[in-house]
Amino acid sequence: MKIGITGGIGSGKSTVTDYIIKRGYQVFDADKIAHEIEEPGGGVLLKLASVFGPEILAEDGSLDRKTMAAVVFSDDKKRKILNDITHREIHAIITEGLSHPETDPVFTDVPLLFESGFNKELDRVWLVTASEETRVKRVVARDGGTPEEVRARIRSQMSDEEKEKMADAVISNDCALEELYEKVDRLLDEANGKINK
């Protein structure tokens with residue numbers, strides 16, 4: 001069984017996937033793959049620099065992610081170009097990995113799962129959600145920036161309400177860590193056929 005995990009910025013999706021990995025399941029992480037394919041000297045980074053200009057590169061030749069984010073988050077067309085360049089490569093790597101899974105179920109962690117249409121290739125999708133207030137606090141604490149900047153990023157993404165209509169399970173993450181893990185454990189038991197849906 002192939003299960004996708006998704007959620008907006010600050011929802012706590014990484015906390016869920018980290019726990020699933022601790023439980024011994026294989027997870028293909030789109031963000032980690034993106035970092036790998038955007039390494040200096042790689043074809044993807046060269047393409048990004050040719051499209052968006054050398055200012056997106058840091059002094060050491062790596063991708064300056066803050067500059068890149070500033071360029072695309074306020075411009076839908078530029079964001080689509082960035083996604084087209086990176087998603088194709090990430091999709092190919094994840095698809096190859098899912099065709100030779102090491103665990104059952106096998107998971108994929110993709111932030112823009114529904115937006116990219118990748119959900120159609122999976123058996124189930126688990127959506128991680130949290131209130132906007134919680135998400136803003138988490139992202140400000142993690143990345144810095146202002147609450148207004150974080151809210152703008154949240155609103156640039158598909159809403160949780162839209163995603164909930166397409167998800168098979170919703171993991172509400174406005175709770176203590178122990179409670180979050182219990183919710184994930186129940187879904188894992190269900191996926192393994194230990195309890196009826």
# chains A, B, ... in the order shown; residues from 1 in each chain; ligands from 1
call {"tool": "closest_atom_pairs", "arguments": {"of": "stretch 100-173 of chain A", "to": "stretch 33-50 of chain A", "cutoff": "12 Å", "atoms": "only C-alpha atoms", "output": "tab-separated table"}}
result
residue	atom	partner	partner_atom	distance
A:Thr108	CA	A:Ile33	CA	11.1
A:Asp109	CA	A:Ile33	CA	10.4
A:Val110	CA	A:Ile33	CA	10.3
A:Pro111	CA	A:Ala34	CA	11.5
call {"tool": "select_by_dssp", "arguments": {"residues": "stretch 32-183 of chain A", "states": "strand (DSSP E or B)", "output": "ChimeraX atom specification"}}
result
/A:57,63,106-109,124-129,169-172
call {"tool": "atom_distance", "arguments": {"atom1": "atom CA of A:Phe107", "atom2": "atom CA of A:Thr95"}}
result
11.4 Å
call {"tool": "closest_residue", "arguments": {"among": "A:Met68, A:Val139, A:Ile9, A:Leu122", "to": "A:Asp168", "atoms": "only C-alpha atoms"}}
result
A:Leu122
call {"tool": "residues_around", "arguments": {"residues": "A:Val170", "least_positions_apart": "6", "cutoff": "7 Å", "atoms": "only C-alpha atoms", "output": "PyMOL selection string"}}
result
chain A and resi 126-128+164
call {"tool": "write_last_selection", "arguments": {"atoms": "N, CA and C atoms", "output": "PDB file, in the first residue's frame"}}
result
ATOM      1  N   TRP A 126      -2.979  10.857   3.799  1.00  0.00           N
ATOM      2  CA  TRP A 126      -3.194  11.359   5.148  1.00  0.00           C
ATOM      3  C   TRP A 126      -2.820  12.840   5.145  1.00  0.00           C
ATOM      4  N   LEU A 127      -3.746  13.673   5.603  1.00  0.00           N
ATOM      5  CA  LEU A 127      -3.527  15.118   5.647  1.00  0.00           C
ATOM      6  C   LEU A 127      -3.285  15.552   7.087  1.00  0.00           C
ATOM      7  N   VAL A 128      -2.181  16.267   7.312  1.00  0.00           N
ATOM      8  CA  VAL A 128      -1.872  16.808   8.637  1.00  0.00           C
ATOM      9  C   VAL A 128      -2.323  18.273   8.660  1.00  0.00           C
ATOM     10  N   GLU A 164      -9.019  18.588   2.657  1.00  0.00           N
ATOM     11  CA  GLU A 164      -9.779  17.616   3.452  1.00  0.00           C
ATOM     12  C   GLU A 164     -10.794  16.853   2.590  1.00  0.00           C
TER      13      GLU A 164
END
call {"tool": "closest_residue", "arguments": {"among": "A:Arg135, A:Arg65, A:Lys32, A:Lys120", "to": "A:Gly10", "atoms": "only C-alpha atoms"}}
result
A:Arg135
call {"tool": "residues_around", "arguments": {"residues": "A:His91", "least_positions_apart": "5", "cutoff": "12 Å", "atoms": "only C-alpha atoms", "output": "ChimeraX atom specification"}}
result
/A:28-31,33-34,37,83-86,96-98,108-110,112-113,116-119,121
call {"tool": "write_last_selection", "arguments": {"atoms": "C-alpha atoms", "output": "mmCIF file, in the first residue's frame"}}
result
data_model
loop_
_atom_site.group_PDB
_atom_site.id
_atom_site.type_symbol
_atom_site.label_atom_id
_atom_site.label_comp_id
_atom_site.auth_asym_id
_atom_site.auth_seq_id
_atom_site.Cartn_x
_atom_site.Cartn_y
_atom_site.Cartn_z
ATOM 1 C CA PHE A 28 10.237 9.102 0.509
ATOM 2 C CA ASP A 29 10.573 12.777 1.467
ATOM 3 C CA ALA A 30 10.041 15.219 -1.421
ATOM 4 C CA ASP A 31 11.771 18.094 0.430
ATOM 5 C CA ILE A 33 14.939 14.827 -2.505
ATOM 6 C CA ALA A 34 14.560 18.477 -3.632
ATOM 7 C CA ILE A 37 18.719 17.414 -6.703
ATOM 8 C CA ASN A 83 7.506 23.662 -9.489
ATOM 9 C CA ASP A 84 7.586 22.441 -13.099
ATOM 10 C CA ILE A 85 11.392 22.247 -13.053
ATOM 11 C CA THR A 86 11.741 20.524 -9.677
ATOM 12 C CA GLU A 96 10.954 4.713 -8.941
ATOM 13 C CA GLY A 97 11.297 4.240 -5.167
ATOM 14 C CA LEU A 98 7.622 3.373 -4.688
ATOM 15 C CA THR A 108 5.706 9.502 0.550
ATOM 16 C CA ASP A 109 5.873 12.958 2.134
ATOM 17 C CA VAL A 110 4.911 15.586 -0.457
ATOM 18 C CA LEU A 112 2.106 19.918 -2.729
ATOM 19 C CA LEU A 113 0.605 16.450 -3.109
ATOM 20 C CA SER A 116 0.829 18.234 -8.295
ATOM 21 C CA GLY A 117 -1.798 15.512 -8.877
ATOM 22 C CA PHE A 118 0.500 12.912 -7.298
ATOM 23 C CA ASN A 119 -2.343 11.784 -5.004
ATOM 24 C CA GLU A 121 -0.916 7.525 -7.947
#
call {"tool": "atom_distance", "arguments": {"atom1": "atom CA of A:Arg23", "atom2": "atom CA of A:Ser99"}}
result
21.1 Å
call {"tool": "atom_distance", "arguments": {"atom1": "atom CA of A:Ile5", "atom2": "atom CA of A:Ser131"}}
result
17.7 Å
call {"tool": "closest_residue", "arguments": {"among": "A:Thr103, A:Ser62, A:Gln157, A:Asn173", "to": "A:Ser14", "atoms": "only C-alpha atoms"}}
result
A:Asn173
call {"tool": "decode", "arguments": {"residues": "stretch 55-100 of chain A", "atoms": "N, CA and C atoms", "output": "PDB file, in the first residue's frame"}}
result
ATOM      1  N   GLU A  55      21.286  35.552  -8.948  1.00  0.00           N
ATOM      2  CA  GLU A  55      21.058  36.063  -7.581  1.00  0.00           C
ATOM      3  C   GLU A  55      20.421  35.018  -6.672  1.00  0.00           C
ATOM      4  N   ILE A  56      19.887  33.923  -7.226  1.00  0.00           N
ATOM      5  CA  ILE A  56      19.314  32.868  -6.371  1.00  0.00           C
ATOM      6  C   ILE A  56      20.401  31.936  -5.815  1.00  0.00           C
ATOM      7  N   LEU A  57      21.655  32.169  -6.245  1.00  0.00           N
ATOM      8  CA  LEU A  57      22.758  31.335  -5.769  1.00  0.00           C
ATOM      9  C   LEU A  57      23.492  32.018  -4.620  1.00  0.00           C
ATOM     10  N   ALA A  58      23.866  31.238  -3.622  1.00  0.00           N
ATOM     11  CA  ALA A  58      24.681  31.748  -2.516  1.00  0.00           C
ATOM     12  C   ALA A  58      26.136  31.857  -2.989  1.00  0.00           C
ATOM     13  N   GLU A  59      26.988  32.434  -2.153  1.00  0.00           N
ATOM     14  CA  GLU A  59      28.393  32.627  -2.533  1.00  0.00           C
ATOM     15  C   GLU A  59      29.105  31.315  -2.840  1.00  0.00           C
ATOM     16  N   ASP A  60      28.708  30.241  -2.153  1.00  0.00           N
ATOM     17  CA  ASP A  60      29.372  28.948  -2.375  1.00  0.00           C
ATOM     18  C   ASP A  60      28.788  28.176  -3.564  1.00  0.00           C
ATOM     19  N   GLY A  61      27.866  28.807  -4.294  1.00  0.00           N
ATOM     20  CA  GLY A  61      27.295  28.158  -5.477  1.00  0.00           C
ATOM     21  C   GLY A  61      26.063  27.325  -5.205  1.00  0.00           C
ATOM     22  N   SER A  62      25.661  27.233  -3.923  1.00  0.00           N
ATOM     23  CA  SER A  62      24.457  26.472  -3.571  1.00  0.00           C
ATOM     24  C   SER A  62      23.228  27.368  -3.753  1.00  0.00           C
ATOM     25  N   LEU A  63      22.056  26.764  -3.678  1.00  0.00           N
ATOM     26  CA  LEU A  63      20.812  27.520  -3.813  1.00  0.00           C
ATOM     27  C   LEU A  63      20.561  28.340  -2.552  1.00  0.00           C
ATOM     28  N   ASP A  64      20.345  29.638  -2.717  1.00  0.00           N
ATOM     29  CA  ASP A  64      19.969  30.498  -1.604  1.00  0.00           C
ATOM     30  C   ASP A  64      18.451  30.374  -1.459  1.00  0.00           C
ATOM     31  N   ARG A  65      18.012  29.529  -0.548  1.00  0.00           N
ATOM     32  CA  ARG A  65      16.590  29.185  -0.453  1.00  0.00           C
ATOM     33  C   ARG A  65      15.716  30.364  -0.032  1.00  0.00           C
ATOM     34  N   LYS A  66      16.245  31.235   0.814  1.00  0.00           N
ATOM     35  CA  LYS A  66      15.448  32.400   1.238  1.00  0.00           C
ATOM     36  C   LYS A  66      15.193  33.333   0.054  1.00  0.00           C
ATOM     37  N   THR A  67      16.232  33.553  -0.754  1.00  0.00           N
ATOM     38  CA  THR A  67      16.076  34.412  -1.931  1.00  0.00           C
ATOM     39  C   THR A  67      15.110  33.769  -2.921  1.00  0.00           C
ATOM     40  N   MET A  68      15.267  32.462  -3.120  1.00  0.00           N
ATOM     41  CA  MET A  68      14.396  31.740  -4.047  1.00  0.00           C
ATOM     42  C   MET A  68      12.943  31.827  -3.579  1.00  0.00           C
ATOM     43  N   ALA A  69      12.727  31.650  -2.286  1.00  0.00           N
ATOM     44  CA  ALA A  69      11.370  31.719  -1.734  1.00  0.00           C
ATOM     45  C   ALA A  69      10.777  33.112  -1.933  1.00  0.00           C
ATOM     46  N   ALA A  70      11.602  34.144  -1.716  1.00  0.00           N
ATOM     47  CA  ALA A  70      11.120  35.517  -1.885  1.00  0.00           C
ATOM     48  C   ALA A  70      10.734  35.796  -3.333  1.00  0.00           C
ATOM     49  N   VAL A  71      11.470  35.202  -4.267  1.00  0.00           N
ATOM     50  CA  VAL A  71      11.200  35.395  -5.696  1.00  0.00           C
ATOM     51  C   VAL A  71       9.873  34.765  -6.097  1.00  0.00           C
ATOM     52  N   VAL A  72       9.595  33.544  -5.596  1.00  0.00           N
ATOM     53  CA  VAL A  72       8.432  32.800  -6.111  1.00  0.00           C
ATOM     54  C   VAL A  72       7.148  32.942  -5.298  1.00  0.00           C
ATOM     55  N   PHE A  73       7.255  33.228  -4.008  1.00  0.00           N
ATOM     56  CA  PHE A  73       6.039  33.193  -3.194  1.00  0.00           C
ATOM     57  C   PHE A  73       5.068  34.319  -3.513  1.00  0.00           C
ATOM     58  N   SER A  74       5.572  35.416  -4.077  1.00  0.00           N
ATOM     59  CA  SER A  74       4.680  36.524  -4.413  1.00  0.00           C
ATOM     60  C   SER A  74       4.288  36.523  -5.897  1.00  0.00           C
ATOM     61  N   ASP A  75       4.707  35.498  -6.629  1.00  0.00           N
ATOM     62  CA  ASP A  75       4.470  35.473  -8.075  1.00  0.00           C
ATOM     63  C   ASP A  75       4.039  34.071  -8.510  1.00  0.00           C
ATOM     64  N   ASP A  76       2.752  33.925  -8.815  1.00  0.00           N
ATOM     65  CA  ASP A  76       2.210  32.605  -9.178  1.00  0.00           C
ATOM     66  C   ASP A  76       2.895  32.002 -10.392  1.00  0.00           C
ATOM     67  N   LYS A  77       3.199  32.836 -11.401  1.00  0.00           N
ATOM     68  CA  LYS A  77       3.834  32.319 -12.624  1.00  0.00           C
ATOM     69  C   LYS A  77       5.221  31.769 -12.337  1.00  0.00           C
ATOM     70  N   LYS A  78       5.995  32.527 -11.539  1.00  0.00           N
ATOM     71  CA  LYS A  78       7.352  32.072 -11.195  1.00  0.00           C
ATOM     72  C   LYS A  78       7.308  30.821 -10.332  1.00  0.00           C
ATOM     73  N   ARG A  79       6.320  30.759  -9.434  1.00  0.00           N
ATOM     74  CA  ARG A  79       6.189  29.568  -8.580  1.00  0.00           C
ATOM     75  C   ARG A  79       5.879  28.339  -9.425  1.00  0.00           C
ATOM     76  N   LYS A  80       5.042  28.521 -10.445  1.00  0.00           N
ATOM     77  CA  LYS A  80       4.700  27.406 -11.333  1.00  0.00           C
ATOM     78  C   LYS A  80       5.927  26.939 -12.118  1.00  0.00           C
ATOM     79  N   ILE A  81       6.747  27.885 -12.571  1.00  0.00           N
ATOM     80  CA  ILE A  81       7.972  27.527 -13.305  1.00  0.00           C
ATOM     81  C   ILE A  81       8.907  26.723 -12.407  1.00  0.00           C
ATOM     82  N   LEU A  82       9.091  27.213 -11.165  1.00  0.00           N
ATOM     83  CA  LEU A  82       9.947  26.501 -10.200  1.00  0.00           C
ATOM     84  C   LEU A  82       9.417  25.086  -9.975  1.00  0.00           C
ATOM     85  N   ASN A  83       8.107  24.973  -9.743  1.00  0.00           N
ATOM     86  CA  ASN A  83       7.506  23.662  -9.489  1.00  0.00           C
ATOM     87  C   ASN A  83       7.642  22.731 -10.687  1.00  0.00           C
ATOM     88  N   ASP A  84       7.452  23.270 -11.893  1.00  0.00           N
ATOM     89  CA  ASP A  84       7.586  22.441 -13.099  1.00  0.00           C
ATOM     90  C   ASP A  84       8.997  21.867 -13.220  1.00  0.00           C
ATOM     91  N   ILE A  85       9.992  22.688 -12.934  1.00  0.00           N
ATOM     92  CA  ILE A  85      11.392  22.247 -13.053  1.00  0.00           C
ATOM     93  C   ILE A  85      11.719  21.179 -12.010  1.00  0.00           C
ATOM     94  N   THR A  86      11.331  21.440 -10.747  1.00  0.00           N
ATOM     95  CA  THR A  86      11.741  20.524  -9.677  1.00  0.00           C
ATOM     96  C   THR A  86      10.812  19.317  -9.532  1.00  0.00           C
ATOM     97  N   HIS A  87       9.507  19.528  -9.705  1.00  0.00           N
ATOM     98  CA  HIS A  87       8.558  18.438  -9.459  1.00  0.00           C
ATOM     99  C   HIS A  87       8.747  17.256 -10.399  1.00  0.00           C
ATOM    100  N   ARG A  88       9.086  17.552 -11.651  1.00  0.00           N
ATOM    101  CA  ARG A  88       9.256  16.461 -12.624  1.00  0.00           C
ATOM    102  C   ARG A  88      10.346  15.492 -12.153  1.00  0.00           C
ATOM    103  N   GLU A  89      11.458  16.074 -11.696  1.00  0.00           N
ATOM    104  CA  GLU A  89      12.597  15.263 -11.233  1.00  0.00           C
ATOM    105  C   GLU A  89      12.251  14.525  -9.935  1.00  0.00           C
ATOM    106  N   ILE A  90      11.638  15.234  -8.991  1.00  0.00           N
ATOM    107  CA  ILE A  90      11.253  14.625  -7.707  1.00  0.00           C
ATOM    108  C   ILE A  90      10.258  13.499  -7.941  1.00  0.00           C
ATOM    109  N   HIS A  91       9.282  13.747  -8.809  1.00  0.00           N
ATOM    110  CA  HIS A  91       8.254  12.748  -9.129  1.00  0.00           C
ATOM    111  C   HIS A  91       8.888  11.469  -9.669  1.00  0.00           C
ATOM    112  N   ALA A  92       9.857  11.622 -10.571  1.00  0.00           N
ATOM    113  CA  ALA A  92      10.523  10.448 -11.169  1.00  0.00           C
ATOM    114  C   ALA A  92      11.251   9.630 -10.105  1.00  0.00           C
ATOM    115  N   ILE A  93      11.937  10.309  -9.176  1.00  0.00           N
ATOM    116  CA  ILE A  93      12.696   9.618  -8.130  1.00  0.00           C
ATOM    117  C   ILE A  93      11.748   8.886  -7.176  1.00  0.00           C
ATOM    118  N   ILE A  94      10.660   9.565  -6.762  1.00  0.00           N
ATOM    119  CA  ILE A  94       9.705   8.943  -5.831  1.00  0.00           C
ATOM    120  C   ILE A  94       8.991   7.766  -6.495  1.00  0.00           C
ATOM    121  N   THR A  95       8.575   7.941  -7.739  1.00  0.00           N
ATOM    122  CA  THR A  95       7.869   6.870  -8.454  1.00  0.00           C
ATOM    123  C   THR A  95       8.744   5.625  -8.560  1.00  0.00           C
ATOM    124  N   GLU A  96      10.010   5.834  -8.851  1.00  0.00           N
ATOM    125  CA  GLU A  96      10.954   4.713  -8.941  1.00  0.00           C
ATOM    126  C   GLU A  96      11.076   4.022  -7.581  1.00  0.00           C
ATOM    127  N   GLY A  97      11.184   4.816  -6.512  1.00  0.00           N
ATOM    128  CA  GLY A  97      11.297   4.240  -5.167  1.00  0.00           C
ATOM    129  C   GLY A  97      10.053   3.483  -4.748  1.00  0.00           C
ATOM    130  N   LEU A  98       8.886   4.028  -5.067  1.00  0.00           N
ATOM    131  CA  LEU A  98       7.622   3.373  -4.688  1.00  0.00           C
ATOM    132  C   LEU A  98       7.405   2.067  -5.446  1.00  0.00           C
ATOM    133  N   SER A  99       8.047   1.938  -6.590  1.00  0.00           N
ATOM    134  CA  SER A  99       7.886   0.692  -7.360  1.00  0.00           C
ATOM    135  C   SER A  99       8.730  -0.449  -6.785  1.00  0.00           C
ATOM    136  N   HIS A 100       9.652  -0.121  -5.855  1.00  0.00           N
ATOM    137  CA  HIS A 100      10.472  -1.142  -5.169  1.00  0.00           C
ATOM    138  C   HIS A 100      10.465  -0.869  -3.666  1.00  0.00           C
TER     139      HIS A 100
END
